[in-house]
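> Okay, so here is entry35.cif, and as you'll see once you scroll down, it has mmCIF, C-alpha atoms and all ligand atoms.
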data_protein
loop_
_atom_site.label_atom_id
_atom_site.label_comp_id
_atom_site.auth_asym_id
_atom_site.auth_seq_id
_atom_site.Cartn_x
_atom_site.Cartn_y
_atom_site.Cartn_z
CA MET A 1 -6.86 0.32 -24.79
CA ALA A 2 -4.06 -1.92 -25.98
CA GLY A 3 -2.83 -2.18 -22.41
CA ALA A 4 -6.11 -3.53 -21.12
CA ALA A 5 -6.27 -6.11 -23.88
CA MET A 6 -2.74 -7.27 -23.14
CA LEU A 7 -3.20 -7.59 -19.42
CA SER A 8 -6.49 -9.37 -19.48
CA GLY A 9 -5.65 -11.41 -22.57
CA CYS A 10 -2.59 -12.95 -20.94
CA SER A 11 -4.10 -13.67 -17.58
CA HIS A 12 -4.82 -17.20 -16.55
CA GLY A 13 -6.77 -18.50 -13.58
CA PRO A 14 -5.59 -20.40 -10.54
CA GLN A 15 -4.77 -23.47 -12.65
CA THR A 16 -1.87 -21.65 -14.29
CA SER A 17 0.62 -23.93 -15.94
CA THR A 18 3.66 -21.69 -15.47
CA HIS A 19 5.03 -22.39 -12.01
CA PRO A 20 7.56 -19.71 -11.01
CA LEU A 21 8.56 -21.34 -7.72
CA PRO A 22 10.21 -24.67 -8.53
CA GLY A 23 10.45 -26.98 -5.53
CA ILE A 24 8.44 -24.80 -3.20
CA ASP A 25 4.70 -25.03 -3.01
CA VAL A 26 3.29 -21.64 -2.21
CA THR A 27 0.30 -22.03 -4.49
CA GLY A 28 -3.36 -22.76 -3.93
CA LYS A 29 -4.08 -23.54 -0.26
CA ALA A 30 -0.44 -22.69 0.59
CA SER A 31 -0.72 -19.18 -0.91
CA LEU A 32 -0.79 -16.04 1.18
CA ARG A 33 -4.21 -15.12 -0.13
CA GLU A 34 -5.59 -18.38 1.32
CA HIS A 35 -3.78 -18.05 4.66
CA ALA A 36 -4.97 -14.44 4.83
CA ALA A 37 -8.56 -15.43 4.08
CA ASN A 38 -8.47 -17.92 6.98
CA ALA A 39 -7.46 -15.01 9.22
CA ARG A 40 -10.21 -12.80 7.75
CA LEU A 41 -7.68 -10.69 5.87
CA LEU A 42 -7.01 -9.58 2.34
CA PHE A 43 -3.40 -9.89 1.21
CA GLY A 44 -1.65 -8.36 -1.77
CA PHE A 45 0.93 -6.12 -3.37
CA ALA A 46 1.59 -2.75 -4.89
CA VAL A 47 1.98 -3.62 -8.56
CA ASN A 48 3.83 -2.17 -11.47
CA THR A 49 1.64 -2.17 -14.59
CA ALA A 50 4.50 -2.62 -17.05
CA GLN A 51 5.78 -5.69 -15.18
CA LEU A 52 2.31 -7.14 -14.94
CA ARG A 53 1.95 -6.76 -18.68
CA SER A 54 5.32 -8.10 -19.79
CA ASN A 55 6.58 -10.50 -17.12
CA ARG A 56 4.80 -13.86 -16.81
CA SER A 57 6.50 -14.86 -13.55
CA TYR A 58 5.60 -11.57 -11.90
CA ARG A 59 2.03 -11.85 -13.11
CA ALA A 60 1.73 -15.47 -11.94
CA ILE A 61 2.78 -14.49 -8.41
CA VAL A 62 0.19 -11.73 -8.30
CA GLU A 63 -2.52 -14.10 -9.54
CA GLN A 64 -1.52 -16.80 -7.06
CA GLN A 65 -0.94 -14.74 -3.95
CA ALA A 66 -3.06 -11.59 -4.05
CA SER A 67 -6.66 -10.99 -3.09
CA ILE A 68 -6.06 -7.21 -3.29
CA ILE A 69 -3.66 -5.03 -5.29
CA VAL A 70 -2.83 -1.35 -5.51
CA PRO A 71 -1.04 0.41 -8.36
CA GLU A 72 2.43 1.53 -7.26
CA ASN A 73 2.24 4.56 -9.55
CA ALA A 74 -0.43 4.15 -12.24
CA MET A 75 -3.20 6.06 -10.46
CA LYS A 76 -1.09 8.96 -9.21
CA TRP A 77 -1.53 12.45 -10.66
CA ARG A 78 1.76 12.22 -12.55
CA ALA A 79 0.58 9.10 -14.36
CA LEU A 80 -3.00 10.20 -15.01
CA ARG A 81 -2.46 13.86 -15.91
CA PRO A 82 0.00 14.36 -18.79
CA SER A 83 -1.28 17.93 -19.09
CA MET A 84 -3.70 20.14 -17.23
CA ASP A 85 -6.57 19.40 -19.58
CA ARG A 86 -5.85 15.78 -20.46
CA TYR A 87 -6.21 12.45 -18.66
CA ASP A 88 -4.48 9.20 -19.62
CA PHE A 89 -6.30 6.20 -18.18
CA GLU A 90 -4.68 3.45 -20.21
CA ASP A 91 -2.61 1.81 -17.44
CA ALA A 92 -5.20 2.41 -14.73
CA ASP A 93 -7.97 0.91 -16.87
CA SER A 94 -5.86 -2.12 -17.72
CA LEU A 95 -5.15 -2.75 -14.07
CA LEU A 96 -8.82 -2.72 -13.17
CA THR A 97 -9.55 -5.10 -16.06
CA PHE A 98 -6.81 -7.43 -14.82
CA ALA A 99 -8.06 -7.28 -11.23
CA GLU A 100 -11.68 -7.95 -12.13
CA LYS A 101 -10.78 -10.79 -14.47
CA ASN A 102 -8.80 -12.48 -11.67
CA ARG A 103 -11.26 -11.58 -8.90
CA ILE A 104 -8.66 -9.49 -7.11
CA LYS A 105 -9.81 -6.34 -5.32
CA LEU A 106 -8.27 -3.03 -6.33
CA ARG A 107 -7.26 -0.18 -4.03
CA GLY A 108 -6.85 3.23 -5.60
CA HIS A 109 -3.71 5.22 -4.71
CA ASN A 110 -3.99 8.18 -4.51
CA LEU A 111 -6.20 11.21 -5.14
CA CYS A 112 -4.30 13.90 -3.24
CA TRP A 113 -0.61 13.89 -2.28
CA HIS A 114 2.21 16.43 -2.15
CA GLN A 115 4.41 14.16 -4.32
CA SER A 116 4.09 12.63 -7.78
CA LEU A 117 2.40 15.75 -9.08
CA PRO A 118 2.98 16.36 -12.80
CA ASP A 119 5.59 18.94 -13.78
CA TRP A 120 2.91 21.30 -15.12
CA PHE A 121 1.34 21.48 -11.64
CA ALA A 122 3.99 23.71 -10.04
CA ALA A 123 4.06 25.96 -13.10
CA SER A 124 0.31 26.26 -13.64
CA ALA A 125 -1.70 25.58 -10.48
CA ASN A 126 -2.50 28.63 -8.37
CA ALA A 127 -4.67 29.65 -5.44
CA ALA A 128 -7.47 30.69 -7.77
CA ASP A 129 -7.84 27.33 -9.52
CA ALA A 130 -6.38 24.68 -7.17
CA HIS A 131 -9.68 23.95 -5.44
CA ARG A 132 -11.41 23.33 -8.76
CA LEU A 133 -8.45 21.30 -10.01
CA LEU A 134 -8.62 19.02 -6.97
CA VAL A 135 -12.38 18.52 -7.12
CA ASP A 136 -12.39 17.96 -10.89
CA HIS A 137 -9.61 15.40 -10.60
CA ILE A 138 -11.39 13.46 -7.88
CA ARG A 139 -14.74 13.57 -9.70
CA THR A 140 -13.17 12.40 -12.92
CA VAL A 141 -10.90 9.68 -11.54
CA ALA A 142 -12.97 8.26 -8.67
CA GLY A 143 -16.11 8.72 -10.80
CA ARG A 144 -14.66 6.70 -13.68
CA TYR A 145 -14.16 3.64 -11.47
CA ALA A 146 -17.17 4.15 -9.18
CA GLY A 147 -18.58 0.96 -7.72
CA ARG A 148 -15.58 -1.14 -8.78
CA MET A 149 -12.91 -0.14 -6.25
CA HIS A 150 -12.31 -1.71 -2.84
CA SER A 151 -10.97 1.56 -1.46
CA TRP A 152 -9.28 4.83 -2.35
CA ASP A 153 -6.37 6.50 -0.62
CA VAL A 154 -8.07 9.88 -0.82
CA VAL A 155 -5.38 11.85 1.00
CA ASN A 156 -1.82 10.59 1.39
CA GLU A 157 0.73 11.78 3.96
CA ALA A 158 -0.90 15.04 5.06
CA ILE A 159 0.80 15.14 8.48
CA ASN A 160 4.35 16.36 9.02
CA THR A 161 4.84 17.62 12.55
CA ARG A 162 8.32 18.88 11.62
CA ASP A 163 6.69 21.64 9.58
CA GLY A 164 5.88 23.21 12.94
CA ARG A 165 2.15 23.92 12.60
CA ALA A 166 -0.05 23.47 15.69
CA ASP A 167 -2.37 21.14 13.76
CA GLY A 168 0.57 19.02 12.55
CA LEU A 169 -0.43 19.44 8.91
CA ARG A 170 2.25 19.24 6.27
CA ASN A 171 3.07 22.43 4.44
CA SER A 172 2.04 20.84 1.13
CA PRO A 173 1.12 22.55 -2.14
CA TRP A 174 -2.52 21.61 -1.45
CA LEU A 175 -2.44 23.29 1.95
CA ARG A 176 -0.81 26.40 0.51
CA LEU A 177 -3.11 26.67 -2.51
CA VAL A 178 -6.46 25.43 -1.18
CA GLY A 179 -6.11 25.98 2.58
CA THR A 180 -6.52 23.61 5.54
CA ASP A 181 -9.93 22.50 4.23
CA TYR A 182 -8.36 20.64 1.35
CA ILE A 183 -8.55 17.32 3.22
CA GLU A 184 -12.24 17.69 3.92
CA ILE A 185 -12.90 18.81 0.35
CA ALA A 186 -11.06 15.77 -1.02
CA PHE A 187 -12.99 13.26 1.11
CA ARG A 188 -16.37 14.82 0.39
CA SER A 189 -15.65 14.90 -3.34
CA ALA A 190 -14.53 11.26 -3.28
CA ARG A 191 -17.70 10.12 -1.50
CA GLU A 192 -19.85 11.92 -4.05
CA ALA A 193 -17.93 10.40 -6.93
CA ASP A 194 -17.80 6.84 -5.56
CA PRO A 195 -20.15 6.13 -2.65
CA ALA A 196 -19.06 2.46 -2.52
CA ALA A 197 -15.28 2.70 -2.06
CA LEU A 198 -13.79 2.75 1.44
CA LEU A 199 -12.29 6.22 1.71
CA THR A 200 -8.89 6.04 3.33
CA TYR A 201 -6.38 8.35 4.96
CA ASN A 202 -2.93 6.84 4.26
CA GLU A 203 0.23 7.76 6.22
CA TYR A 204 3.81 6.65 6.89
CA GLY A 205 5.71 6.59 10.19
CA LEU A 206 2.63 5.80 12.29
CA GLU A 207 4.16 2.48 13.28
CA SER A 208 7.45 3.95 14.47
CA ALA A 209 8.53 3.85 18.13
CA SER A 210 10.54 7.07 17.67
CA PRO A 211 9.47 10.47 19.11
CA ASP A 212 8.52 11.44 15.54
CA GLY A 213 6.23 8.41 15.42
CA ALA A 214 4.52 9.40 18.66
CA GLU A 215 3.98 12.96 17.40
CA LYS A 216 2.64 11.69 14.11
CA ARG A 217 0.16 9.35 15.80
CA ALA A 218 -1.09 12.16 18.02
CA ALA A 219 -1.46 14.64 15.16
CA THR A 220 -3.13 12.06 12.95
CA LEU A 221 -5.68 11.15 15.62
CA GLN A 222 -6.39 14.83 16.21
CA MET A 223 -6.97 15.37 12.50
CA LEU A 224 -9.16 12.26 12.13
CA ARG A 225 -11.26 13.16 15.18
CA ARG A 226 -11.84 16.63 13.80
CA LEU A 227 -12.87 15.20 10.43
CA LYS A 228 -15.26 12.75 12.10
CA GLN A 229 -16.81 15.54 14.22
CA ARG A 230 -17.54 17.38 11.01
CA ASN A 231 -19.08 14.29 9.42
CA VAL A 232 -16.39 14.07 6.80
CA PRO A 233 -16.64 10.63 5.16
CA VAL A 234 -13.44 8.86 6.22
CA ASP A 235 -13.82 5.07 6.41
CA ALA A 236 -10.34 3.70 6.90
CA ILE A 237 -6.76 4.40 7.82
CA GLY A 238 -3.79 3.08 5.89
CA ILE A 239 -0.79 2.48 8.11
CA GLN A 240 1.94 2.28 5.49
CA SER A 241 4.34 0.17 7.60
CA HIS A 242 7.64 0.83 5.85
CA LEU A 243 9.92 -0.83 8.41
CA HIS A 244 13.69 -0.59 8.86
CA ALA A 245 15.64 -3.63 9.96
CA PRO A 246 16.55 -4.38 12.62
CA SER A 247 13.41 -3.12 14.34
CA THR A 248 14.68 -3.73 17.84
CA GLN A 249 12.01 -1.49 19.32
CA GLY A 250 8.83 -1.57 17.27
CA ALA A 251 6.03 0.65 18.56
CA GLY A 252 4.06 -2.34 19.88
CA PRO A 253 1.79 -1.05 22.67
CA GLU A 254 1.64 2.49 21.25
CA LEU A 255 0.69 1.17 17.83
CA LEU A 256 -2.04 -1.01 19.33
CA ARG A 257 -3.40 1.97 21.29
CA PHE A 258 -3.38 4.06 18.12
CA MET A 259 -5.23 1.36 16.20
CA ALA A 260 -7.77 0.96 19.02
CA SER A 261 -8.46 4.72 18.82
CA CYS A 262 -8.99 4.40 15.07
CA ARG A 263 -11.38 1.49 15.64
CA GLU A 264 -13.31 3.49 18.23
CA MET A 265 -13.77 6.18 15.57
CA GLY A 266 -15.30 3.52 13.33
CA LEU A 267 -12.32 3.21 10.99
CA GLU A 268 -11.20 0.08 9.21
CA ILE A 269 -7.40 -0.42 9.21
CA PHE A 270 -5.10 -1.46 6.36
CA LEU A 271 -1.38 -2.22 6.65
CA SER A 272 -1.06 -0.64 3.27
CA GLU A 273 2.59 -0.54 2.12
CA MET A 274 4.72 -3.05 4.04
CA ASP A 275 8.39 -3.56 3.32
CA VAL A 276 11.48 -3.97 5.50
CA SER A 277 14.50 -1.94 4.46
CA ASP A 278 17.78 -3.83 5.02
CA ARG A 279 19.92 -0.75 4.35
CA ASP A 280 21.57 -0.90 7.76
CA LEU A 281 22.26 -4.65 7.82
CA SER A 282 25.57 -6.25 6.84
CA ALA A 283 25.96 -7.76 3.38
CA ALA A 284 25.42 -11.50 4.01
CA ILE A 285 22.22 -12.53 2.30
CA ASP A 286 21.30 -15.26 4.80
CA THR A 287 21.52 -12.82 7.69
CA ARG A 288 19.62 -10.12 5.89
CA ASP A 289 16.84 -12.50 4.92
CA ARG A 290 16.60 -13.84 8.48
CA VAL A 291 16.48 -10.40 10.13
CA VAL A 292 13.99 -9.03 7.60
CA ALA A 293 11.82 -12.11 8.17
CA GLU A 294 11.97 -11.59 11.94
CA ASP A 295 10.81 -8.01 11.49
CA TYR A 296 7.84 -9.04 9.34
CA ARG A 297 6.91 -11.63 11.95
CA GLY A 298 7.34 -9.33 14.95
CA PHE A 299 5.43 -6.47 13.41
CA LEU A 300 2.53 -8.56 12.15
CA ASN A 301 2.24 -10.58 15.36
CA THR A 302 1.60 -7.26 17.10
CA ALA A 303 -0.43 -5.40 14.51
CA LEU A 304 -2.75 -8.31 13.67
CA GLN A 305 -3.93 -8.46 17.29
CA GLU A 306 -6.13 -5.51 16.29
CA ARG A 307 -9.29 -7.01 14.83
CA ARG A 308 -10.08 -4.00 12.65
CA VAL A 309 -7.04 -4.73 10.47
CA THR A 310 -8.60 -6.16 7.33
CA ALA A 311 -5.84 -6.00 4.71
CA VAL A 312 -2.07 -6.38 4.46
CA LEU A 313 -0.17 -5.29 1.33
CA THR A 314 3.56 -5.20 0.58
CA TRP A 315 5.00 -2.32 -1.43
CA GLY A 316 6.17 -4.37 -4.39
CA VAL A 317 6.05 -8.02 -5.38
CA ASP A 318 9.68 -9.16 -5.55
CA ASP A 319 13.04 -7.70 -4.53
CA ALA A 320 13.78 -6.58 -8.09
CA SER A 321 10.70 -4.38 -8.09
CA THR A 322 11.29 -2.52 -4.83
CA SER A 323 11.61 1.25 -4.98
CA LEU A 324 13.96 1.21 -1.95
CA ASN A 325 17.16 0.92 -4.00
CA ALA A 326 16.42 4.33 -5.48
CA GLU A 327 15.12 5.88 -2.28
CA GLN A 328 17.41 4.34 0.37
CA PRO A 329 20.45 2.85 -1.40
CA ARG A 330 22.77 0.67 0.66
CA LYS A 331 26.27 2.02 1.16
CA ASP A 332 27.75 -1.13 -0.39
CA ARG A 333 25.44 -0.70 -3.41
CA LEU A 334 24.06 -4.21 -3.01
CA ALA A 335 20.41 -4.53 -3.92
CA GLN A 336 17.99 -4.40 -1.01
CA ARG A 337 15.96 -7.53 -0.14
CA PRO A 338 12.88 -6.02 1.54
CA LEU A 339 10.02 -8.14 0.16
CA LEU A 340 8.60 -11.68 0.32
CA PHE A 341 9.95 -12.97 -3.01
CA ASP A 342 13.50 -12.60 -4.30
CA SER A 343 14.34 -11.26 -7.73
CA ARG A 344 14.04 -14.78 -9.18
CA TYR A 345 10.53 -15.08 -7.77
CA GLN A 346 11.53 -17.55 -5.06
CA ALA A 347 9.68 -17.26 -1.76
CA LYS A 348 11.98 -16.02 1.01
CA PRO A 349 11.94 -16.60 4.78
CA SER A 350 9.82 -13.45 5.04
CA PHE A 351 7.09 -15.27 3.09
CA ALA A 352 6.94 -17.87 5.86
CA SER A 353 6.88 -15.14 8.51
CA VAL A 354 3.87 -13.48 6.96
CA ARG A 355 2.10 -16.80 6.44
CA ASP A 356 2.74 -17.85 10.06
CA ALA A 357 1.63 -14.46 11.40
CA PHE A 358 -1.64 -14.84 9.49
CA ASP A 359 -2.08 -18.34 10.94
CA ALA A 360 -1.33 -17.13 14.44
CA ARG A 361 -3.95 -14.40 14.32
CA LEU A 362 -6.41 -14.75 17.14
CA GLY A 363 -9.40 -16.72 15.96
CA ALA A 364 -7.79 -17.81 12.71
CA ALA A 365 -8.92 -21.17 11.44
CA PRO A 366 -6.25 -23.84 11.96
CA ALA A 367 -3.81 -23.98 9.04
CA ARG A 368 -4.76 -26.63 6.50
CA ALA A 369 -2.68 -29.74 6.99
CA ALA A 370 -0.84 -29.57 3.67
CA ALA A 371 0.41 -26.01 3.86
CA PRO A 372 3.21 -26.06 6.43
CA SER A 373 4.63 -29.43 5.45
CA THR A 374 4.91 -28.69 1.72
CA PHE A 375 6.69 -25.39 2.19
CA ARG A 376 10.47 -25.52 2.23
CA LEU A 377 12.47 -22.39 2.74
CA PRO A 378 15.14 -21.77 0.13
CA ARG A 379 18.82 -21.48 1.05
CA LEU A 380 18.55 -21.87 4.82
C1 LIG B 1 6.70 5.47 -4.49
C2 LIG B 1 6.93 4.50 -5.64
O1 LIG B 1 7.24 3.23 -5.11
C3 LIG B 1 8.03 5.00 -6.55
O2 LIG B 1 8.14 4.16 -7.70
C4 LIG B 1 7.73 6.43 -6.99
O3 LIG B 1 8.82 6.91 -7.72
C5 LIG B 1 7.50 7.32 -5.78
O4 LIG B 1 6.46 6.77 -4.98
N1 LIG B 1 4.59 6.16 0.11
C6 LIG B 1 3.59 6.12 -0.83
C7 LIG B 1 3.90 5.59 -2.18
O5 LIG B 1 2.43 6.42 -0.52
O6 LIG B 1 3.12 6.19 -3.19
C8 LIG B 1 5.35 5.73 -2.53
O7 LIG B 1 5.57 5.07 -3.76
C9 LIG B 1 6.23 5.15 -1.43
C10 LIG B 1 5.98 5.85 -0.12
#
Turn the structure described in the file into structure tokens.

Amino acid sequence: MAGAAMLSGCSHGPQTSTHPLPGIDVTGKASLREHAANARLLFGFAVNTAQLRSNRSYRAIVEQQASIIVPENAMKWRALRPSMDRYDFEDADSLLTFAEKNRIKLRGHNLCWHQSLPDWFAASANAADAHRLLVDHIRTVAGRYAGRMHSWDVVNEAINTRDGRADGLRNSPWLRLVGTDYIEIAFRSAREADPAALLTYNEYGLESASPDGAEKRAATLQMLRRLKQRNVPVDAIGIQSHLHAPSTQGAGPELLRFMASCREMGLEIFLSEMDVSDRDLSAAIDTRDRVVAEDYRGFLNTALQERRVTAVLTWGVDDASTSLNAEQPRKDRLAQRPLLFDSRYQAKPSFASVRDAFDARLGAAPARAAAPSTFRLPRL
């Protein structure tokens, strides 16, 4: 458990002496966690365990800004299952220790997905043992952290209407090996293992105004309604919210209708993986930062009208830790700038957008006097 010792040993409370944001007060009452709390929201990041352990500036931002975190990779099958019969909980344990020490809630991500499966899975899993493999994994992992998690992404990205099935389900290894019941099996196993965590269905593309987005919303609602009819324990939906700048036509009214349907089913709603890809914007940093900030503001001003939204997380802390450069590289090879902090841990215009969208939320308490006046945007 060296990892746990290192993470918790190095953590310091809100009175941290290292200040990673010279000249810009985004701490204390001016932090996103405080602005979020005023709007009855949790705010946080997907975090990288190695960075959290080794990088003081990165860790200080997480401690200052986050009331909830989610491991970017540390709780996925690939990280937890080095072999079929062995679990490695070192990073996952250390993250929970860090979160509890700093009174930050932890979301688990994820228990069942078609990606990030270990290499042995394709070679060894088969129709005879996949059901048992899935249930054992969920019992072991969700059971280990029972009572200490805010929520679990139990099933991730199960809908892909392009696969052509009438029910819209993705043709995933789990579907092929276990059958269409795999989603129900996963949720029931998770509830048994951890009755306290909010059990979440997490999906991308739900926020998109494209025809694909409309199909995905319809198929997702159909799946969720069917699960609810069968008393399957689903508590929340994660709308990933990976945006692409410039979002000239966000799915405003359709997204709000979708969220209202989720609320009517009794679901809580998380904006679970926000970032704004600038792949299609020109190179100038000022322009990119401005357009990305506008997209954060526009999207959140719409999505936060829905009162069942209770948490907003970005997928990464700072621009150096985004996975978008690997997944959606820019043609000019410049690094993407999709997050709220730049790679030197300076707050960007998008930070102000998110803060202001929290403040604007219907019913939010008025912003504390000091916050807006002490914040100065860098390089504008
Ligand atoms: C991504 C991570 O950011 C990468 O580091 C990893 O290589 C692949 O997975 N939707 C999800 C996340 O639910 O788990 C994905 O995370 C990003 C898209």
> Around ligand LIG 1 (chain B), which protein and nucleic acid residues have at least one atom no more than 7 Å from it, if we count all atoms listed in the file? List them as a VMD selection string.
chain A and resid 72 to 73 116 156 204 323
> By how many Å are CA of Leu227 (chain A) and CA of Phe187 (chain A) apart?
9.5 Å
> Pick out the closest residue to Pro71 (chain A) from this set: A:Lys228, A:Arg107, A:Arg40, A:Arg86. Count all atoms listed in the file.
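Closest residue, counting all atoms listed in the file: A:Arg107.
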> Could you please determine the separation between CA of Glu157 (chain A) and CA of Asp342 (chain A) in Å, to one decimal place?
28.7 Å
> Could you check which of A:Ala99, A:Val26, A:Ala219, A:Val232 is closest to Arg165 (chain A), using all atoms listed in the file?
A:Ala219
> Restricting the calculation to all atoms listed in the file, which member of A:Ile269, A:Met274, A:Ile185, A:Leu111 is positioned closest to Gln305 (chain A)?
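Checking each of A:Ile269, A:Met274, A:Ile185, A:Leu111 against Gln305 (chain A), counting all atoms listed in the file, the winner is A:Ile269.
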> If I take CA of Arg361 (chain A) and CA of Ala30 (chain A), how far is one from the other in Å, to one decimal?
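Separation between CA of Arg361 (chain A) and CA of Ala30 (chain A): 16.4 Å.
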> With only C-alpha atoms as the counted atoms, please give the residues lying no more than 12 Å from Gln115 (chain A), apart from itself and same-chain residues fewer than 6 positions off, as a list of chain:residue names.
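Neighbouring residues, sequence-local ones excluded: A:Asn73, A:Lys76, A:Trp77, A:Arg78, A:Ala79, A:Phe121, A:Ala122, A:Val155, A:Asn156, A:Glu157, A:Ala158, A:Arg170, A:Ser172, A:Pro173, A:Trp174.
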> Do a neighbour search on region 285-289 of chain A at 8 Å with all atoms listed in the file, toss out local chain neighbours closer than 3 positions, and write the hits as a VMD selection string.
chain A and resid 278 281 to 282 292 to 293 337 348 to 350 379 to 380
> Those selected residues, please, written with C-alpha atoms and delivered as a short mmCIF file (atom, residue, chain, number, x, y, z; two decimals), keeping the file's coordinate frame.

data_model
loop_
_atom_site.label_atom_id
_atom_site.label_comp_id
_atom_site.auth_asym_id
_atom_site.auth_seq_id
_atom_site.Cartn_x
_atom_site.Cartn_y
_atom_site.Cartn_z
CA ASP A 278 17.78 -3.83 5.02
CA LEU A 281 22.26 -4.65 7.82
CA SER A 282 25.57 -6.25 6.84
CA VAL A 292 13.99 -9.03 7.60
CA ALA A 293 11.82 -12.11 8.17
CA ARG A 337 15.96 -7.53 -0.14
CA LYS A 348 11.98 -16.02 1.01
CA PRO A 349 11.94 -16.60 4.78
CA SER A 350 9.82 -13.45 5.04
CA ARG A 379 18.82 -21.48 1.05
CA LEU A 380 18.55 -21.87 4.82
#
> Of the residues A:Arg139, A:Arg307, A:Arg355, A:Arg279, which is the one nearest to Leu256 (chain A), using all atoms listed in the file?
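Result for the nearest residue to Leu256 (chain A): A:Arg307.
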> Ranking A:Ala146, A:Thr220, A:Cys112, A:His244 by minimum distance to Ala130 (chain A) and counting all atoms listed in the file, which one comes first?
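Closest to Ala130 (chain A), using all atoms listed in the file: A:Cys112.
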> Could you check the closest approach to Ser208 (chain A) for each of A:Ala142, A:Ala196, A:Met223, A:Ile239 and tell me which residue wins, using all atoms listed in the file?
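Residue with the minimum atom-to-atom distance to Ser208 (chain A): A:Ile239.
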> With all atoms listed in the file counted, which protein, DNA or RNA residues have an atom no more than 12 Å from (-4.5, 29.7, 1.6) in the file frame? Please answer as a list in words.
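Checking each residue against the 12 Å limit leaves Asn126, Ala127, Ala128, Asp129, Ala130, His131, Asn171, Ser172, Pro173, Trp174, Leu175, Arg176, Leu177, Val178, Gly179, Thr180, Asp181 and Tyr182 of chain A.
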> I'd like the neighbourhood of Leu32 (chain A) as a list in words, where a residue qualifies if any of its atoms comes within 9 Å (using only C-alpha atoms), though same-chain residues fewer than 2 positions away should be ignored.
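Answer for this query is Val26, Thr27, Gly28, Lys29, Ala30, Glu34, His35, Ala36, Ala37, Phe43, Gly44, Gln64, Gln65, Ala66, Ser67, Phe351, Val354, Arg355 and Phe358 of chain A.
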> Fewer than 2 positions away in the same chain doesn't count, so skip those; otherwise give me all residues within 10 Å of Asn202 (chain A), counting only C-alpha atoms, as a PDB file with C-alpha atoms, in the frame of the given file.

ATOM      1  CA  HIS A 109      -3.710   5.220  -4.710  1.00  0.00           C
ATOM      2  CA  ASN A 110      -3.990   8.180  -4.510  1.00  0.00           C
ATOM      3  CA  TRP A 113      -0.610  13.890  -2.280  1.00  0.00           C
ATOM      4  CA  TRP A 152      -9.280   4.830  -2.350  1.00  0.00           C
ATOM      5  CA  ASP A 153      -6.370   6.500  -0.620  1.00  0.00           C
ATOM      6  CA  VAL A 154      -8.070   9.880  -0.820  1.00  0.00           C
ATOM      7  CA  VAL A 155      -5.380  11.850   1.000  1.00  0.00           C
ATOM      8  CA  ASN A 156      -1.820  10.590   1.390  1.00  0.00           C
ATOM      9  CA  GLU A 157       0.730  11.780   3.960  1.00  0.00           C
ATOM     10  CA  ALA A 158      -0.900  15.040   5.060  1.00  0.00           C
ATOM     11  CA  LEU A 199     -12.290   6.220   1.710  1.00  0.00           C
ATOM     12  CA  THR A 200      -8.890   6.040   3.330  1.00  0.00           C
ATOM     13  CA  TYR A 204       3.810   6.650   6.890  1.00  0.00           C
ATOM     14  CA  LEU A 206       2.630   5.800  12.290  1.00  0.00           C
ATOM     15  CA  ALA A 236     -10.340   3.700   6.900  1.00  0.00           C
ATOM     16  CA  ILE A 237      -6.760   4.400   7.820  1.00  0.00           C
ATOM     17  CA  GLY A 238      -3.790   3.080   5.890  1.00  0.00           C
ATOM     18  CA  ILE A 239      -0.790   2.480   8.110  1.00  0.00           C
ATOM     19  CA  GLN A 240       1.940   2.280   5.490  1.00  0.00           C
ATOM     20  CA  ILE A 269      -7.400  -0.420   9.210  1.00  0.00           C
ATOM     21  CA  PHE A 270      -5.100  -1.460   6.360  1.00  0.00           C
ATOM     22  CA  LEU A 271      -1.380  -2.220   6.650  1.00  0.00           C
ATOM     23  CA  SER A 272      -1.060  -0.640   3.270  1.00  0.00           C
ATOM     24  CA  GLU A 273       2.590  -0.540   2.120  1.00  0.00           C
TER      25      GLU A 273
END
> At a cut-off of 7 Å, using only C-alpha atoms, what residues contact Pro338 (chain A)? Leave out same-chain residues fewer than 2 positions from it and give the result as a PyMOL selection string.
chain A and resi 275-278+292+319+336
